[in-house]
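What's in entry-v9.pdb: PDB, C-alpha atoms
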ATOM      1  CA  MET A   1       0.000   0.000   0.000  1.00  0.00           C
ATOM      2  CA  ASP A   2       1.306   3.458  -0.891  1.00  0.00           C
ATOM      3  CA  ASP A   3       2.242   5.675   2.025  1.00  0.00           C
ATOM      4  CA  ASN A   4       0.050   8.572   0.925  1.00  0.00           C
ATOM      5  CA  PHE A   5      -3.100   8.140  -1.074  1.00  0.00           C
ATOM      6  CA  ILE A   6      -6.831   8.515  -1.255  1.00  0.00           C
ATOM      7  CA  LYS A   7      -8.259   5.676  -3.313  1.00  0.00           C
ATOM      8  CA  GLU A   8     -11.849   4.852  -4.201  1.00  0.00           C
ATOM      9  CA  THR A   9     -12.939   1.312  -3.327  1.00  0.00           C
ATOM     10  CA  GLU A  10     -15.232  -0.921  -5.370  1.00  0.00           C
ATOM     11  CA  LEU A  11     -18.164   0.945  -3.792  1.00  0.00           C
ATOM     12  CA  ASN A  12     -18.999   4.235  -5.430  1.00  0.00           C
ATOM     13  CA  GLY A  13     -17.886   7.124  -3.184  1.00  0.00           C
ATOM     14  CA  VAL A  14     -16.236   4.999  -0.456  1.00  0.00           C
ATOM     15  CA  PHE A  15     -12.555   5.925  -0.100  1.00  0.00           C
ATOM     16  CA  ILE A  16      -9.523   4.454   1.669  1.00  0.00           C
ATOM     17  CA  ILE A  17      -7.208   7.141   3.045  1.00  0.00           C
ATOM     18  CA  ALA A  18      -3.574   6.446   3.910  1.00  0.00           C
ATOM     19  CA  ARG A  19      -1.326   9.251   5.106  1.00  0.00           C
ATOM     20  CA  PRO A  20       2.452   9.109   5.516  1.00  0.00           C
ATOM     21  CA  THR A  21       3.746   7.879   8.863  1.00  0.00           C
ATOM     22  CA  PHE A  22       7.024   9.149  10.261  1.00  0.00           C
ATOM     23  CA  GLU A  23       8.641   6.728  12.701  1.00  0.00           C
ATOM     24  CA  ASP A  24      11.768   6.870  14.845  1.00  0.00           C
ATOM     25  CA  GLU A  25      12.950   5.540  18.195  1.00  0.00           C
ATOM     26  CA  ARG A  26      10.336   7.693  20.020  1.00  0.00           C
ATOM     27  CA  GLY A  27       7.356   6.251  18.145  1.00  0.00           C
ATOM     28  CA  PHE A  28       5.516   7.694  15.161  1.00  0.00           C
ATOM     29  CA  PHE A  29       3.660  10.749  13.887  1.00  0.00           C
ATOM     30  CA  ARG A  30       0.954  10.832  11.226  1.00  0.00           C
ATOM     31  CA  GLU A  31      -1.616  13.315  10.014  1.00  0.00           C
ATOM     32  CA  SER A  32      -4.829  11.318  10.211  1.00  0.00           C
ATOM     33  CA  PHE A  33      -7.001  13.924   8.476  1.00  0.00           C
ATOM     34  CA  ARG A  34      -6.172  16.588   5.913  1.00  0.00           C
ATOM     35  CA  LYS A  35      -9.350  18.335   4.758  1.00  0.00           C
ATOM     36  CA  ARG A  36      -7.960  19.950   1.609  1.00  0.00           C
ATOM     37  CA  ASP A  37      -6.698  16.652   0.165  1.00  0.00           C
ATOM     38  CA  LEU A  38      -9.875  14.779   1.071  1.00  0.00           C
ATOM     39  CA  ASP A  39     -12.217  17.445  -0.325  1.00  0.00           C
ATOM     40  CA  LYS A  40     -10.279  17.513  -3.594  1.00  0.00           C
ATOM     41  CA  ARG A  41     -10.585  13.734  -4.039  1.00  0.00           C
ATOM     42  CA  LEU A  42     -14.187  13.450  -2.839  1.00  0.00           C
ATOM     43  CA  GLY A  43     -15.469  16.295  -4.988  1.00  0.00           C
ATOM     44  CA  TYR A  44     -17.383  17.813  -2.068  1.00  0.00           C
ATOM     45  CA  GLU A  45     -16.494  19.420   1.244  1.00  0.00           C
ATOM     46  CA  PHE A  46     -16.073  17.062   4.177  1.00  0.00           C
ATOM     47  CA  ASN A  47     -16.978  19.284   7.139  1.00  0.00           C
ATOM     48  CA  PRO A  48     -16.926  17.264  10.359  1.00  0.00           C
ATOM     49  CA  VAL A  49     -18.945  18.579  13.301  1.00  0.00           C
ATOM     50  CA  GLN A  50     -18.663  15.652  15.720  1.00  0.00           C
ATOM     51  CA  SER A  51     -15.953  13.197  16.749  1.00  0.00           C
ATOM     52  CA  ASN A  52     -16.874   9.817  18.259  1.00  0.00           C
ATOM     53  CA  HIS A  53     -14.697   7.263  20.049  1.00  0.00           C
ATOM     54  CA  SER A  54     -15.805   3.698  20.683  1.00  0.00           C
ATOM     55  CA  ARG A  55     -13.940   1.069  22.707  1.00  0.00           C
ATOM     56  CA  SER A  56     -15.051  -2.537  22.260  1.00  0.00           C
ATOM     57  CA  LYS A  57     -13.831  -5.986  23.226  1.00  0.00           C
ATOM     58  CA  LYS A  58     -13.066  -8.960  20.980  1.00  0.00           C
ATOM     59  CA  GLY A  59     -16.076 -10.382  19.180  1.00  0.00           C
ATOM     60  CA  VAL A  60     -18.228  -7.237  19.368  1.00  0.00           C
ATOM     61  CA  LEU A  61     -20.023  -6.345  16.148  1.00  0.00           C
ATOM     62  CA  ARG A  62     -21.359  -2.796  15.860  1.00  0.00           C
ATOM     63  CA  GLY A  63     -23.778  -2.104  13.038  1.00  0.00           C
ATOM     64  CA  ILE A  64     -24.922  -2.218  10.298  1.00  0.00           C
ATOM     65  CA  HIS A  65     -25.815   1.463  10.863  1.00  0.00           C
ATOM     66  CA  VAL A  66     -27.053   3.686   8.051  1.00  0.00           C
ATOM     67  CA  ALA A  67     -26.756   7.419   8.698  1.00  0.00           C
ATOM     68  CA  PRO A  68     -27.592  10.575   6.721  1.00  0.00           C
ATOM     69  CA  TRP A  69     -24.082  11.963   7.296  1.00  0.00           C
ATOM     70  CA  HIS A  70     -20.599  11.201   6.000  1.00  0.00           C
ATOM     71  CA  LYS A  71     -18.072   9.456   8.274  1.00  0.00           C
ATOM     72  CA  LEU A  72     -14.306   9.200   8.416  1.00  0.00           C
ATOM     73  CA  ALA A  73     -13.460   6.075  10.453  1.00  0.00           C
ATOM     74  CA  THR A  74     -10.077   5.127  11.922  1.00  0.00           C
ATOM     75  CA  VAL A  75      -8.792   2.383  14.222  1.00  0.00           C
ATOM     76  CA  ILE A  76      -6.481   3.838  16.870  1.00  0.00           C
ATOM     77  CA  SER A  77      -5.552   0.521  18.498  1.00  0.00           C
ATOM     78  CA  GLY A  78      -6.540  -3.049  17.738  1.00  0.00           C
ATOM     79  CA  ALA A  79      -8.061  -4.553  14.604  1.00  0.00           C
ATOM     80  CA  VAL A  80     -11.504  -4.745  13.010  1.00  0.00           C
ATOM     81  CA  GLN A  81     -13.215  -6.307  10.065  1.00  0.00           C
ATOM     82  CA  GLN A  82     -14.709  -3.168   8.532  1.00  0.00           C
ATOM     83  CA  VAL A  83     -17.803  -3.635   6.378  1.00  0.00           C
ATOM     84  CA  VAL A  84     -19.547  -0.964   4.305  1.00  0.00           C
ATOM     85  CA  VAL A  85     -22.829  -1.673   2.514  1.00  0.00           C
ATOM     86  CA  ASP A  86     -24.031   0.669  -0.228  1.00  0.00           C
ATOM     87  CA  LEU A  87     -27.673   1.417   0.591  1.00  0.00           C
ATOM     88  CA  ARG A  88     -28.044   4.532  -1.562  1.00  0.00           C
ATOM     89  CA  LYS A  89     -30.931   3.735  -3.939  1.00  0.00           C
ATOM     90  CA  LYS A  90     -29.489   5.769  -6.838  1.00  0.00           C
ATOM     91  CA  SER A  91     -25.929   4.458  -6.495  1.00  0.00           C
ATOM     92  CA  PRO A  92     -24.559   2.167  -9.225  1.00  0.00           C
ATOM     93  CA  THR A  93     -23.239  -0.103  -6.443  1.00  0.00           C
ATOM     94  CA  PHE A  94     -26.517  -0.248  -4.452  1.00  0.00           C
ATOM     95  CA  GLY A  95     -26.781  -3.474  -2.417  1.00  0.00           C
ATOM     96  CA  GLN A  96     -23.080  -4.321  -2.712  1.00  0.00           C
ATOM     97  CA  HIS A  97     -20.617  -4.367   0.169  1.00  0.00           C
ATOM     98  CA  ILE A  98     -16.904  -4.319   0.878  1.00  0.00           C
ATOM     99  CA  SER A  99     -15.059  -5.934   3.759  1.00  0.00           C
ATOM    100  CA  MET A 100     -11.497  -5.125   4.824  1.00  0.00           C
ATOM    101  CA  LEU A 101      -9.092  -5.248   7.714  1.00  0.00           C
ATOM    102  CA  ILE A 102      -8.429  -1.931   9.410  1.00  0.00           C
ATOM    103  CA  ASN A 103      -5.910  -1.983  12.227  1.00  0.00           C
ATOM    104  CA  GLU A 104      -3.244  -0.034  14.053  1.00  0.00           C
ATOM    105  CA  GLU A 105      -0.570  -1.436  11.727  1.00  0.00           C
ATOM    106  CA  ASN A 106      -2.047  -0.455   8.334  1.00  0.00           C
ATOM    107  CA  ARG A 107      -3.144   2.941   9.726  1.00  0.00           C
ATOM    108  CA  ILE A 108      -5.779   3.528   7.081  1.00  0.00           C
ATOM    109  CA  SER A 109      -8.990   5.475   7.417  1.00  0.00           C
ATOM    110  CA  LEU A 110     -12.197   4.928   5.528  1.00  0.00           C
ATOM    111  CA  CYS A 111     -14.459   7.689   4.222  1.00  0.00           C
ATOM    112  CA  ILE A 112     -18.031   6.398   4.256  1.00  0.00           C
ATOM    113  CA  PRO A 113     -20.661   8.490   2.475  1.00  0.00           C
ATOM    114  CA  ALA A 114     -24.113   9.253   3.829  1.00  0.00           C
ATOM    115  CA  GLY A 115     -26.572   6.470   3.101  1.00  0.00           C
ATOM    116  CA  CYS A 116     -24.039   3.655   3.306  1.00  0.00           C
ATOM    117  CA  GLY A 117     -24.260   1.093   6.072  1.00  0.00           C
ATOM    118  CA  ASN A 118     -21.282   0.967   8.423  1.00  0.00           C
ATOM    119  CA  ALA A 119     -20.347  -2.023  10.584  1.00  0.00           C
ATOM    120  CA  TYR A 120     -17.251  -3.360  12.238  1.00  0.00           C
ATOM    121  CA  LEU A 121     -16.351  -6.570  14.005  1.00  0.00           C
ATOM    122  CA  VAL A 122     -13.576  -6.504  16.626  1.00  0.00           C
ATOM    123  CA  LEU A 123     -10.881  -9.084  15.813  1.00  0.00           C
ATOM    124  CA  SER A 124      -8.265  -8.128  18.429  1.00  0.00           C
ATOM    125  CA  ASP A 125      -8.581  -8.350  22.234  1.00  0.00           C
ATOM    126  CA  GLY A 126      -9.964  -4.819  22.135  1.00  0.00           C
ATOM    127  CA  VAL A 127     -10.223  -1.868  19.790  1.00  0.00           C
ATOM    128  CA  ASP A 128     -10.355   1.906  19.938  1.00  0.00           C
ATOM    129  CA  TYR A 129     -12.356   3.055  16.907  1.00  0.00           C
ATOM    130  CA  THR A 130     -12.895   6.737  16.145  1.00  0.00           C
ATOM    131  CA  TYR A 131     -14.904   8.517  13.500  1.00  0.00           C
ATOM    132  CA  LEU A 132     -15.684  12.049  12.426  1.00  0.00           C
ATOM    133  CA  THR A 133     -19.214  12.849  11.247  1.00  0.00           C
ATOM    134  CA  THR A 134     -20.562  15.686   9.133  1.00  0.00           C
ATOM    135  CA  ASP A 135     -23.735  16.041  11.203  1.00  0.00           C
ATOM    136  CA  TYR A 136     -24.689  15.707  14.847  1.00  0.00           C
ATOM    137  CA  TRP A 137     -26.089  12.415  16.064  1.00  0.00           C
ATOM    138  CA  SER A 138     -29.639  12.467  17.350  1.00  0.00           C
ATOM    139  CA  ALA A 139     -32.151   9.708  18.010  1.00  0.00           C
ATOM    140  CA  GLY A 140     -34.154   8.612  15.020  1.00  0.00           C
ATOM    141  CA  LYS A 141     -31.752   9.793  12.308  1.00  0.00           C
ATOM    142  CA  GLU A 142     -29.971   6.452  11.944  1.00  0.00           C
ATOM    143  CA  LEU A 143     -31.368   3.213  10.486  1.00  0.00           C
ATOM    144  CA  GLY A 144     -30.117  -0.284  11.166  1.00  0.00           C
ATOM    145  CA  ILE A 145     -29.869  -3.416   9.020  1.00  0.00           C
ATOM    146  CA  ILE A 146     -29.465  -6.876  10.536  1.00  0.00           C
ATOM    147  CA  TYR A 147     -25.826  -7.945  10.346  1.00  0.00           C
ATOM    148  CA  ASN A 148     -26.514 -11.447   8.985  1.00  0.00           C
ATOM    149  CA  ASP A 149     -29.042 -10.557   6.281  1.00  0.00           C
ATOM    150  CA  PRO A 150     -28.759 -13.406   3.720  1.00  0.00           C
ATOM    151  CA  LYS A 151     -29.443 -10.950   0.891  1.00  0.00           C
ATOM    152  CA  LEU A 152     -26.202  -9.098   1.743  1.00  0.00           C
ATOM    153  CA  ASN A 153     -24.182 -12.345   2.125  1.00  0.00           C
ATOM    154  CA  ILE A 154     -21.457 -10.779   4.293  1.00  0.00           C
ATOM    155  CA  LYS A 155     -18.749 -13.255   5.327  1.00  0.00           C
ATOM    156  CA  TRP A 156     -18.039 -12.283   8.934  1.00  0.00           C
ATOM    157  CA  GLU A 157     -14.739 -13.427  10.502  1.00  0.00           C
ATOM    158  CA  ILE A 158     -16.515 -14.652  13.679  1.00  0.00           C
ATOM    159  CA  ASP A 159     -19.574 -16.922  13.636  1.00  0.00           C
ATOM    160  CA  SER A 160     -21.252 -15.719  16.847  1.00  0.00           C
ATOM    161  CA  PRO A 161     -20.503 -12.028  17.377  1.00  0.00           C
ATOM    162  CA  ILE A 162     -21.587 -10.028  20.417  1.00  0.00           C
ATOM    163  CA  LEU A 163     -24.304  -7.529  19.447  1.00  0.00           C
ATOM    164  CA  SER A 164     -26.379  -4.948  21.262  1.00  0.00           C
ATOM    165  CA  GLU A 165     -30.058  -5.700  21.702  1.00  0.00           C
ATOM    166  CA  LYS A 166     -30.804  -2.816  19.333  1.00  0.00           C
ATOM    167  CA  ASP A 167     -28.579  -4.271  16.578  1.00  0.00           C
ATOM    168  CA  LEU A 168     -30.110  -7.745  17.051  1.00  0.00           C
ATOM    169  CA  GLU A 169     -33.557  -6.250  16.341  1.00  0.00           C
ATOM    170  CA  ASN A 170     -32.554  -4.548  13.077  1.00  0.00           C
ATOM    171  CA  PRO A 171     -34.651  -5.573  10.056  1.00  0.00           C
ATOM    172  CA  PRO A 172     -33.322  -7.106   6.835  1.00  0.00           C
ATOM    173  CA  VAL A 173     -32.539  -4.756   3.961  1.00  0.00           C
ATOM    174  CA  SER A 174     -35.669  -5.940   2.060  1.00  0.00           C
ATOM    175  CA  GLU A 175     -37.932  -4.392   4.735  1.00  0.00           C
ATOM    176  CA  ILE A 176     -36.324  -0.967   4.351  1.00  0.00           C
ATOM    177  CA  PHE A 177     -35.679  -1.109   0.582  1.00  0.00           C
ATOM    178  CA  PRO A 178     -38.414  -3.372  -0.865  1.00  0.00           C
TER     179      PRO A 178
END
Please re-express this file's structure in structure tokens.
Amino acid sequence: MDDNFIKETELNGVFIIARPTFEDERGFFRESFRKRDLDKRLGYEFNPVQSNHSRSKKGVLRGIHVAPWHKLATVISGAVQQVVVDLRKKSPTFGQHISMLINEENRISLCIPAGCGNAYLVLSDGVDYTYLTTDYWSAGKELGIIYNDPKLNIKWEIDSPILSEKDLENPPVSEIFP
């Protein structure tokens, strides 16, 4: 993987961001977000208004959450199976998903556009997962899709993940997008 790039994935509008990392005997330094570069590649302004930090233990699956705001997600420590599902009705990749490893070693971020489902499964003993959003969270703005929807056919790395009661009650994609 190049040290410095912003690359579109197979899903329309979903981008992997890798910034240079400078390491020495003290540790490392990296710019995790550079607005000008991201805006140029995205073709729109990414204006974050909220930063969220989640800590989860091994086996926890969070999502699939569909929000009306853009996200920039990063793993600070640990490792996750990151899944993004395109649920934008007018997108050429509607109904498709990508799955990738994001961890503290590869130091990549993922830009997830509004209307895409976001989920991650913790593969390490624990994870610190952060994300910037372009709108403020409030109850009722976010939708959920059941993680094991057969129509999506996502191959999760763990057979029996730990989910919140809310995520266990999410409907299949066919109930939201008939």
From the options A:Gly27, A:Gly126, A:Gly13, A:Gly95, which residue's atoms come nearest to Lys151 (chain A), counting all atoms listed in the file?
A:Gly95
Could you list the residues chosen by the PyMOL selection byres ((chain A and resi 71-76) around 8) in this structure as a ChimeraX atom specification?
/A:69-70,77-80,102-104,107-114,127-134
Residue selection dump (C-alpha atoms) as a short mmCIF file (atom, residue, chain, number, x, y, z; two decimals), keeping the file's coordinate frame:
data_model
loop_
_atom_site.label_atom_id
_atom_site.label_comp_id
_atom_site.auth_asym_id
_atom_site.auth_seq_id
_atom_site.Cartn_x
_atom_site.Cartn_y
_atom_site.Cartn_z
CA TRP A 69 -24.08 11.96 7.30
CA HIS A 70 -20.60 11.20 6.00
CA SER A 77 -5.55 0.52 18.50
CA GLY A 78 -6.54 -3.05 17.74
CA ALA A 79 -8.06 -4.55 14.60
CA VAL A 80 -11.50 -4.74 13.01
CA ILE A 102 -8.43 -1.93 9.41
CA ASN A 103 -5.91 -1.98 12.23
CA GLU A 104 -3.24 -0.03 14.05
CA ARG A 107 -3.14 2.94 9.73
CA ILE A 108 -5.78 3.53 7.08
CA SER A 109 -8.99 5.48 7.42
CA LEU A 110 -12.20 4.93 5.53
CA CYS A 111 -14.46 7.69 4.22
CA ILE A 112 -18.03 6.40 4.26
CA PRO A 113 -20.66 8.49 2.48
CA ALA A 114 -24.11 9.25 3.83
CA VAL A 127 -10.22 -1.87 19.79
CA ASP A 128 -10.36 1.91 19.94
CA TYR A 129 -12.36 3.06 16.91
CA THR A 130 -12.90 6.74 16.14
CA TYR A 131 -14.90 8.52 13.50
CA LEU A 132 -15.68 12.05 12.43
CA THR A 133 -19.21 12.85 11.25
CA THR A 134 -20.56 15.69 9.13
#
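The closest residue to Gly59 (chain A), picked from A:Ser91, A:Asn170, A:Ser164, A:Ser124 and counting all atoms listed in the file, is A:Ser124.
The interatomic distance for the pair CA of Phe33 (chain A) and CA of Asp167 (chain A) works out to 29.4 Å.
Closest approach to Thr9 (chain A) among A:Leu123, A:Val84, A:Ala139, A:Leu101: A:Val84, based on all atoms listed in the file.
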Nearest candidate to Leu121 (chain A) (options A:Ser99, A:Ser32, A:Asn153, A:Gln82; using all atoms listed in the file)
A:Gln82
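Evaluating the PyMOL selection byres ((chain A and resi 94) around 12) against the shown model yields Glu10, Leu11, Asn12, Gly13, Val84, Val85, Asp86, Leu87, Arg88, Lys89, Lys90, Ser91, Pro92, Thr93, Gly95, Gln96, His97, Ile98, Gly115, Cys116, Gly117, Leu152, Val173 and Phe177 of chain A.
Atom pair CA of Lys7 (chain A) / CA of Arg30 (chain A) has a distance of 18.0 Å (rounded to one decimal).
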Check what the PyMOL selection byres ((chain A and resi 20) around 12) selects in the file above and give those residues as a PDB file with C-alpha atoms, keeping the file's coordinate frame.
ATOM      1  CA  MET A   1       0.000   0.000   0.000  1.00  0.00           C
ATOM      2  CA  ASP A   2       1.306   3.458  -0.891  1.00  0.00           C
ATOM      3  CA  ASP A   3       2.242   5.675   2.025  1.00  0.00           C
ATOM      4  CA  ASN A   4       0.050   8.572   0.925  1.00  0.00           C
ATOM      5  CA  PHE A   5      -3.100   8.140  -1.074  1.00  0.00           C
ATOM      6  CA  ILE A   6      -6.831   8.515  -1.255  1.00  0.00           C
ATOM      7  CA  ILE A  17      -7.208   7.141   3.045  1.00  0.00           C
ATOM      8  CA  ALA A  18      -3.574   6.446   3.910  1.00  0.00           C
ATOM      9  CA  ARG A  19      -1.326   9.251   5.106  1.00  0.00           C
ATOM     10  CA  THR A  21       3.746   7.879   8.863  1.00  0.00           C
ATOM     11  CA  PHE A  22       7.024   9.149  10.261  1.00  0.00           C
ATOM     12  CA  GLU A  23       8.641   6.728  12.701  1.00  0.00           C
ATOM     13  CA  PHE A  28       5.516   7.694  15.161  1.00  0.00           C
ATOM     14  CA  PHE A  29       3.660  10.749  13.887  1.00  0.00           C
ATOM     15  CA  ARG A  30       0.954  10.832  11.226  1.00  0.00           C
ATOM     16  CA  GLU A  31      -1.616  13.315  10.014  1.00  0.00           C
ATOM     17  CA  SER A  32      -4.829  11.318  10.211  1.00  0.00           C
ATOM     18  CA  PHE A  33      -7.001  13.924   8.476  1.00  0.00           C
ATOM     19  CA  ARG A  34      -6.172  16.588   5.913  1.00  0.00           C
ATOM     20  CA  ASN A 106      -2.047  -0.455   8.334  1.00  0.00           C
ATOM     21  CA  ARG A 107      -3.144   2.941   9.726  1.00  0.00           C
ATOM     22  CA  ILE A 108      -5.779   3.528   7.081  1.00  0.00           C
TER      23      ILE A 108
END
Draw an axis-aligned box tight on the listed atoms of region 68-71 of chain A, then pad every side by 8 Å and write out centre and edge lengths in Å to one decimal as AutoDock Vina command-line options.
--center_x -22.8 --center_y 10.7 --center_z 7.1 --size_x 25.5 --size_y 18.5 --size_z 18.3
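Here CA of Glu142 (chain A) stands at a distance of 10.2 Å from CA of Ile64 (chain A).
Polymer residues near (-21.5, -3.7, 14.6): counting only C-alpha atoms with a cut-off of 8 Å, they are Val60, Leu61, Arg62, Gly63, Ile64, His65, Asn118, Ala119, Tyr120, Leu121, Tyr147, Leu163 and Asp167 of chain A.
If you measure from each of A:Ile162, A:Tyr44, A:Pro171, A:Asp125 to Ile146 (chain A) using only C-alpha atoms, the closest one turns out to be A:Pro171.
The residue that comes closest to Asn148 (chain A), out of A:Val83, A:Ile176, A:Asp39, A:Glu105 and on the basis of all atoms listed in the file, is A:Val83.
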